[in-house]
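> Structure file input-v1.cif (mmCIF, N, CA and C atoms and all ligand atoms) right here:
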data_input
loop_
_atom_site.label_atom_id
_atom_site.label_comp_id
_atom_site.auth_asym_id
_atom_site.auth_seq_id
_atom_site.Cartn_x
_atom_site.Cartn_y
_atom_site.Cartn_z
N MET A 1 -11.86 26.57 -20.46
CA MET A 1 -10.56 27.18 -20.32
C MET A 1 -9.53 26.29 -20.99
N LYS A 2 -8.67 26.93 -21.79
CA LYS A 2 -7.62 26.18 -22.47
C LYS A 2 -6.28 26.44 -21.78
N LEU A 3 -5.53 25.37 -21.59
CA LEU A 3 -4.24 25.44 -20.92
C LEU A 3 -3.18 24.90 -21.86
N LEU A 4 -2.05 25.58 -21.94
CA LEU A 4 -0.96 25.16 -22.81
C LEU A 4 0.22 24.69 -21.95
N TYR A 5 0.72 23.51 -22.27
CA TYR A 5 1.78 22.87 -21.49
C TYR A 5 3.07 22.81 -22.30
N CYS A 6 4.17 23.15 -21.69
CA CYS A 6 5.50 23.05 -22.33
C CYS A 6 6.21 21.81 -21.80
N PRO A 7 6.52 20.85 -22.68
CA PRO A 7 7.23 19.65 -22.21
C PRO A 7 8.67 19.92 -21.83
N LYS A 8 9.20 21.06 -22.24
CA LYS A 8 10.60 21.38 -21.95
C LYS A 8 10.77 21.93 -20.52
N CYS A 9 9.98 22.93 -20.16
CA CYS A 9 10.13 23.53 -18.82
C CYS A 9 8.98 23.14 -17.88
N GLN A 10 8.00 22.41 -18.41
CA GLN A 10 6.85 21.92 -17.65
C GLN A 10 5.96 23.06 -17.13
N ASP A 11 6.04 24.22 -17.76
CA ASP A 11 5.13 25.32 -17.43
C ASP A 11 3.76 24.99 -18.02
N LEU A 12 2.73 25.26 -17.27
CA LEU A 12 1.35 25.07 -17.72
C LEU A 12 0.64 26.39 -17.46
N PHE A 13 0.10 27.01 -18.53
CA PHE A 13 -0.50 28.32 -18.34
C PHE A 13 -1.81 28.44 -19.11
N LYS A 14 -2.66 29.32 -18.60
CA LYS A 14 -3.97 29.59 -19.20
C LYS A 14 -3.77 30.44 -20.44
N LEU A 15 -4.44 30.09 -21.53
CA LEU A 15 -4.39 30.94 -22.71
C LEU A 15 -5.14 32.24 -22.42
N ARG A 16 -4.63 33.29 -23.02
CA ARG A 16 -5.23 34.61 -22.87
C ARG A 16 -5.51 35.16 -24.27
N MET A 17 -6.08 36.34 -24.32
CA MET A 17 -6.37 36.96 -25.62
C MET A 17 -5.08 37.43 -26.29
N HIS A 18 -4.08 37.75 -25.51
CA HIS A 18 -2.79 38.18 -26.06
C HIS A 18 -1.80 37.03 -25.94
N PRO A 19 -0.89 36.86 -26.89
CA PRO A 19 0.07 35.75 -26.85
C PRO A 19 0.86 35.71 -25.53
N HIS A 20 1.00 34.53 -25.02
CA HIS A 20 1.75 34.30 -23.80
C HIS A 20 2.75 33.18 -24.08
N THR A 21 3.91 33.27 -23.46
CA THR A 21 4.98 32.31 -23.67
C THR A 21 5.31 31.62 -22.36
N CYS A 22 5.66 30.34 -22.44
CA CYS A 22 6.06 29.62 -21.24
C CYS A 22 7.36 30.21 -20.70
N ILE A 23 7.75 29.76 -19.53
CA ILE A 23 8.89 30.38 -18.84
C ILE A 23 10.21 30.19 -19.60
N CYS A 24 10.36 29.13 -20.40
CA CYS A 24 11.61 28.93 -21.13
C CYS A 24 11.54 29.49 -22.55
N GLY A 25 10.37 29.93 -23.01
CA GLY A 25 10.24 30.54 -24.32
C GLY A 25 9.96 29.56 -25.44
N ASN A 26 9.79 28.29 -25.13
CA ASN A 26 9.59 27.26 -26.15
C ASN A 26 8.17 27.26 -26.71
N VAL A 27 7.19 27.47 -25.87
CA VAL A 27 5.78 27.33 -26.25
C VAL A 27 5.08 28.67 -26.15
N LYS A 28 4.25 28.95 -27.16
CA LYS A 28 3.56 30.24 -27.20
C LYS A 28 2.16 30.02 -27.78
N GLY A 29 1.18 30.74 -27.28
CA GLY A 29 -0.16 30.62 -27.82
C GLY A 29 -1.10 31.66 -27.25
N ALA A 30 -2.31 31.70 -27.81
CA ALA A 30 -3.33 32.66 -27.36
C ALA A 30 -4.68 32.24 -27.92
N TYR A 31 -5.72 32.85 -27.38
CA TYR A 31 -7.05 32.73 -27.98
C TYR A 31 -7.10 33.61 -29.21
N LYS A 32 -7.93 33.23 -30.16
CA LYS A 32 -8.20 34.11 -31.29
C LYS A 32 -9.24 35.14 -30.85
N ALA A 33 -9.54 36.08 -31.74
CA ALA A 33 -10.41 37.21 -31.40
C ALA A 33 -11.78 36.77 -30.89
N ASP A 34 -12.26 35.59 -31.32
CA ASP A 34 -13.59 35.15 -30.88
C ASP A 34 -13.58 34.60 -29.45
N GLY A 35 -12.41 34.44 -28.87
CA GLY A 35 -12.32 33.96 -27.48
C GLY A 35 -12.62 32.49 -27.31
N ASP A 36 -12.83 31.78 -28.39
CA ASP A 36 -13.14 30.35 -28.34
C ASP A 36 -12.07 29.54 -29.06
N HIS A 37 -11.76 29.94 -30.27
CA HIS A 37 -10.70 29.27 -31.02
C HIS A 37 -9.34 29.75 -30.50
N ALA A 38 -8.33 28.91 -30.73
CA ALA A 38 -7.00 29.23 -30.21
C ALA A 38 -5.94 28.88 -31.22
N TRP A 39 -4.75 29.40 -30.99
CA TRP A 39 -3.59 29.03 -31.81
C TRP A 39 -2.41 28.81 -30.85
N HIS A 40 -1.47 27.98 -31.29
CA HIS A 40 -0.20 27.87 -30.58
C HIS A 40 0.87 27.44 -31.57
N ASN A 41 2.12 27.48 -31.12
CA ASN A 41 3.23 27.28 -32.05
C ASN A 41 3.59 25.81 -32.29
N GLY A 42 2.82 24.90 -31.79
CA GLY A 42 3.00 23.49 -32.11
C GLY A 42 4.05 22.77 -31.29
N ARG A 43 4.68 23.44 -30.36
CA ARG A 43 5.71 22.78 -29.56
C ARG A 43 5.20 22.37 -28.18
N GLY A 44 3.94 22.65 -27.90
CA GLY A 44 3.39 22.27 -26.61
C GLY A 44 2.16 21.40 -26.80
N ALA A 45 1.52 21.09 -25.71
CA ALA A 45 0.28 20.32 -25.73
C ALA A 45 -0.83 21.18 -25.15
N LEU A 46 -1.96 21.20 -25.87
CA LEU A 46 -3.09 22.03 -25.44
C LEU A 46 -4.10 21.16 -24.70
N PHE A 47 -4.56 21.65 -23.56
CA PHE A 47 -5.55 20.94 -22.75
C PHE A 47 -6.74 21.84 -22.49
N GLY A 48 -7.85 21.24 -22.13
CA GLY A 48 -9.05 21.99 -21.79
C GLY A 48 -9.66 21.51 -20.50
N ILE A 49 -10.28 22.45 -19.80
CA ILE A 49 -11.08 22.15 -18.62
C ILE A 49 -12.39 22.88 -18.81
N MET A 50 -13.50 22.19 -18.60
CA MET A 50 -14.80 22.85 -18.72
C MET A 50 -14.95 23.87 -17.59
N ASN A 51 -15.17 25.13 -17.94
CA ASN A 51 -15.29 26.18 -16.92
C ASN A 51 -16.42 25.89 -15.94
N THR A 52 -17.45 25.20 -16.41
CA THR A 52 -18.59 24.89 -15.55
C THR A 52 -18.23 23.90 -14.45
N HIS A 53 -17.09 23.25 -14.55
CA HIS A 53 -16.68 22.28 -13.54
C HIS A 53 -16.08 22.94 -12.29
N PHE A 54 -15.72 24.20 -12.40
CA PHE A 54 -15.07 24.85 -11.26
C PHE A 54 -16.03 25.16 -10.11
N GLN A 55 -17.22 25.69 -10.44
CA GLN A 55 -18.12 26.14 -9.38
C GLN A 55 -18.51 25.01 -8.43
N PRO A 56 -18.88 23.80 -8.94
CA PRO A 56 -19.18 22.72 -8.00
C PRO A 56 -17.99 22.38 -7.10
N LEU A 57 -16.80 22.48 -7.62
CA LEU A 57 -15.62 22.21 -6.78
C LEU A 57 -15.47 23.27 -5.70
N ILE A 58 -15.72 24.51 -6.07
CA ILE A 58 -15.59 25.60 -5.11
C ILE A 58 -16.64 25.46 -4.01
N GLU A 59 -17.84 25.06 -4.40
CA GLU A 59 -18.93 24.96 -3.43
C GLU A 59 -18.89 23.66 -2.63
N SER A 60 -18.14 22.70 -3.05
CA SER A 60 -18.10 21.42 -2.37
C SER A 60 -17.41 21.52 -1.02
N SER A 61 -17.91 20.76 -0.07
CA SER A 61 -17.27 20.73 1.25
C SER A 61 -16.33 19.54 1.37
N LEU A 62 -16.26 18.73 0.32
CA LEU A 62 -15.36 17.58 0.36
C LEU A 62 -13.91 18.07 0.34
N HIS A 63 -13.07 17.32 1.02
CA HIS A 63 -11.66 17.73 1.14
C HIS A 63 -10.94 17.62 -0.21
N SER A 64 -11.25 16.59 -0.96
CA SER A 64 -10.52 16.37 -2.20
C SER A 64 -11.47 15.88 -3.28
N GLN A 65 -11.38 16.50 -4.45
CA GLN A 65 -12.18 16.07 -5.59
C GLN A 65 -11.33 16.17 -6.83
N THR A 66 -11.72 15.46 -7.85
CA THR A 66 -10.98 15.53 -9.11
C THR A 66 -11.74 16.37 -10.11
N ILE A 67 -11.03 16.85 -11.10
CA ILE A 67 -11.64 17.62 -12.17
C ILE A 67 -11.10 17.03 -13.48
N GLU A 68 -11.96 16.96 -14.47
CA GLU A 68 -11.57 16.34 -15.74
C GLU A 68 -10.86 17.36 -16.63
N MET A 69 -9.69 16.98 -17.10
CA MET A 69 -8.96 17.79 -18.07
C MET A 69 -8.79 16.93 -19.32
N PHE A 70 -8.96 17.51 -20.49
CA PHE A 70 -8.88 16.73 -21.72
C PHE A 70 -7.88 17.37 -22.67
N LYS A 71 -7.24 16.54 -23.48
CA LYS A 71 -6.28 17.03 -24.46
C LYS A 71 -7.04 17.51 -25.69
N ILE A 72 -6.61 18.63 -26.24
CA ILE A 72 -7.20 19.16 -27.47
C ILE A 72 -6.18 18.91 -28.58
N ASP A 73 -6.49 17.98 -29.46
CA ASP A 73 -5.56 17.61 -30.53
C ASP A 73 -5.29 18.78 -31.45
N SER A 74 -4.11 18.77 -32.06
CA SER A 74 -3.74 19.87 -32.95
C SER A 74 -4.55 19.89 -34.23
N ASN A 75 -5.25 18.79 -34.55
CA ASN A 75 -6.12 18.79 -35.74
C ASN A 75 -7.56 19.17 -35.40
N SER A 76 -7.80 19.61 -34.18
CA SER A 76 -9.14 20.07 -33.79
C SER A 76 -9.50 21.33 -34.57
N PRO A 77 -10.76 21.47 -34.98
CA PRO A 77 -11.17 22.70 -35.69
C PRO A 77 -11.08 23.94 -34.82
N LYS A 78 -10.92 23.76 -33.53
CA LYS A 78 -10.82 24.90 -32.61
C LYS A 78 -9.39 25.42 -32.47
N VAL A 79 -8.44 24.71 -33.10
CA VAL A 79 -7.03 25.04 -32.88
C VAL A 79 -6.31 25.23 -34.21
N GLU A 80 -5.48 26.26 -34.27
CA GLU A 80 -4.61 26.45 -35.42
C GLU A 80 -3.16 26.43 -34.93
N ILE A 81 -2.33 25.72 -35.64
CA ILE A 81 -0.91 25.68 -35.30
C ILE A 81 -0.19 26.71 -36.17
N ILE A 82 0.47 27.65 -35.55
CA ILE A 82 1.24 28.66 -36.26
C ILE A 82 2.69 28.48 -35.84
N TYR A 83 3.46 27.82 -36.70
CA TYR A 83 4.84 27.52 -36.37
C TYR A 83 5.68 28.79 -36.39
N ASP A 84 6.61 28.87 -35.48
CA ASP A 84 7.53 29.99 -35.44
C ASP A 84 8.92 29.46 -35.10
N LYS A 85 9.91 30.34 -35.18
CA LYS A 85 11.27 29.95 -34.83
C LYS A 85 11.37 29.87 -33.31
N PRO A 86 12.09 28.88 -32.79
CA PRO A 86 12.29 28.84 -31.34
C PRO A 86 12.98 30.12 -30.88
N ARG A 87 12.52 30.65 -29.79
CA ARG A 87 13.10 31.88 -29.26
C ARG A 87 14.03 31.56 -28.10
N ILE A 88 15.21 32.09 -28.18
CA ILE A 88 16.17 31.87 -27.10
C ILE A 88 16.00 33.01 -26.10
N ARG A 89 15.71 32.64 -24.87
CA ARG A 89 15.54 33.65 -23.83
C ARG A 89 16.85 33.81 -23.06
N THR A 90 17.18 35.05 -22.81
CA THR A 90 18.34 35.35 -21.98
C THR A 90 17.85 36.09 -20.74
N LYS A 91 18.73 36.20 -19.77
CA LYS A 91 18.35 36.94 -18.56
C LYS A 91 17.94 38.36 -18.92
N GLU A 92 18.65 38.98 -19.86
CA GLU A 92 18.35 40.35 -20.23
C GLU A 92 17.00 40.46 -20.95
N SER A 93 16.72 39.54 -21.87
CA SER A 93 15.46 39.64 -22.62
C SER A 93 14.27 39.39 -21.70
N ILE A 94 14.42 38.51 -20.76
CA ILE A 94 13.31 38.24 -19.83
C ILE A 94 13.07 39.45 -18.95
N GLN A 95 14.14 40.09 -18.48
CA GLN A 95 13.96 41.25 -17.62
C GLN A 95 13.32 42.41 -18.37
N ASN A 96 13.41 42.40 -19.70
CA ASN A 96 12.76 43.43 -20.50
C ASN A 96 11.27 43.18 -20.67
N GLU A 97 10.81 42.00 -20.35
CA GLU A 97 9.39 41.69 -20.48
C GLU A 97 8.68 42.12 -19.20
N GLN A 98 7.67 42.92 -19.35
CA GLN A 98 7.03 43.49 -18.17
C GLN A 98 6.15 42.50 -17.42
N ASP A 99 5.77 41.40 -18.06
CA ASP A 99 4.86 40.47 -17.39
C ASP A 99 5.58 39.52 -16.44
N LEU A 100 6.90 39.56 -16.42
CA LEU A 100 7.65 38.66 -15.55
C LEU A 100 8.37 39.45 -14.48
N GLY A 101 8.48 38.89 -13.33
CA GLY A 101 9.24 39.52 -12.26
C GLY A 101 10.71 39.20 -12.43
N PRO A 102 11.50 39.52 -11.42
CA PRO A 102 12.92 39.20 -11.48
C PRO A 102 13.14 37.71 -11.67
N ILE A 103 14.21 37.34 -12.34
CA ILE A 103 14.47 35.93 -12.56
C ILE A 103 15.74 35.48 -11.86
N ASP A 104 15.85 34.20 -11.70
CA ASP A 104 17.00 33.59 -11.05
C ASP A 104 17.48 32.48 -11.98
N ILE A 105 18.71 32.56 -12.42
CA ILE A 105 19.24 31.50 -13.27
C ILE A 105 20.20 30.66 -12.42
N THR A 106 19.74 29.47 -12.04
CA THR A 106 20.57 28.56 -11.25
C THR A 106 20.48 27.19 -11.87
N ASN A 107 21.53 26.46 -11.81
CA ASN A 107 21.58 25.10 -12.32
C ASN A 107 21.13 25.03 -13.79
N GLY A 108 21.38 26.08 -14.56
CA GLY A 108 21.08 26.07 -15.98
C GLY A 108 19.63 26.25 -16.32
N SER A 109 18.77 26.56 -15.36
CA SER A 109 17.37 26.74 -15.68
C SER A 109 16.93 28.16 -15.28
N LEU A 110 15.91 28.64 -16.00
CA LEU A 110 15.37 29.95 -15.71
C LEU A 110 14.21 29.80 -14.76
N ARG A 111 14.14 30.68 -13.80
CA ARG A 111 13.08 30.64 -12.82
C ARG A 111 12.65 32.04 -12.42
N ARG A 112 11.39 32.20 -12.19
CA ARG A 112 10.95 33.46 -11.62
C ARG A 112 11.23 33.39 -10.13
N SER A 113 11.79 34.44 -9.60
CA SER A 113 12.04 34.44 -8.17
C SER A 113 10.91 35.18 -7.47
N ALA A 114 10.70 34.83 -6.22
CA ALA A 114 9.63 35.47 -5.46
C ALA A 114 9.98 36.93 -5.26
N THR A 115 8.97 37.79 -5.37
CA THR A 115 9.21 39.22 -5.19
C THR A 115 8.71 39.67 -3.84
ZN ZN B 201 8.85 26.09 -21.74
#
Show me this structure written as structure tokens.


Amino acid sequence: MKLLYCPKCQDLFKLRMHPHTCICGNVKGAYKADGDHAWHNGRGALFGIMNTHFQPLIESSLHSQTIEMFKIDSNSPKVEIIYDKPRIRTKESIQNEQDLGPIDITNGSLRRSAT
């Protein structure tokens, strides 16, 4: 599983087959059609977790365990950087996106509010 992190809003999200953007709009990425290779816009950091590591954690009776996450460098053959223009998100543009719930803009930051 590949995870994309935005250093600006600190959103960390799982890559999907369709492009997904962090909560502030700075970082964007997706899997390519093969479901293995990925692309992102170069403004975030890409990480990986071996999917096979989840099941032992789920089955474990230990209270706390760690899982290994690794950084995937932008020069990896599995990753393509596709630069784009930074997108400015407004309250109106976010509300037009169906994948997000209502938002709350307080203290100059954008947040999804609980529904
Ligand atoms: Zn962001």

> For ligand ZN 201 (chain B), list the contacting residues at 7 Å or closer, counting only N, CA and C atoms and all ligand atoms, as a ChimeraX atom specification.

/A:5-11,21-27

> Considering all atoms listed in the file, give me a table of residues in range 23-45 of chain A that are at most 5 Å from range 68-87 of chain A, with the closest atom pair and distance in Å for each, as a Markdown table.


| residue | atom | partner | partner_atom | distance |
| --- | --- | --- | --- | --- |
| A:His37 | CA | A:Lys78 | C | 4.3 |
| A:Ala38 | N | A:Lys78 | C | 4.0 |
| A:Trp39 | CA | A:Glu80 | C | 4.1 |
| A:His40 | C | A:Ile82 | N | 4.0 |
| A:Asn41 | CA | A:Ile82 | C | 4.0 |

> For a test of reading the model, state the distance in Å between atom C of Tyr31 in chain A and atom N of Met17 in chain A, rounded to one decimal.

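A separation of 5.7 Å between them.
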
> Which is closer to His18 in chain A than all the others in A:Ala30, A:Ile67, A:Thr52, A:Lys91, using only N, CA and C atoms?

A:Ala30

> Let me make sure I understand: among A:Gln65, A:Gly29, A:Glu59, A:Leu12, which one has the smallest atom-to-atom distance to Gly42 in chain A if we use all atoms listed in the file?

A:Gly29

> Which distance in Å separates atom C of Pro19 in chain A and atom C of Ile49 in chain A, to one decimal?

19.6 Å

> Expressed in Å to a single decimal, how great is the separation between atom N of Ile58 in chain A and atom N of Gly35 in chain A?

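Result for atom N of Ile58 in chain A versus atom N of Gly35 in chain A: 25.1 Å, one decimal.
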
> When you count only C-alpha atoms, which of these residues is closest to Asp34 in chain A: A:Leu62, A:Arg16, A:Leu57, A:Thr90?

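Of A:Leu62, A:Arg16, A:Leu57, A:Thr90, the one nearest Asp34 in chain A is A:Arg16, counting only C-alpha atoms.
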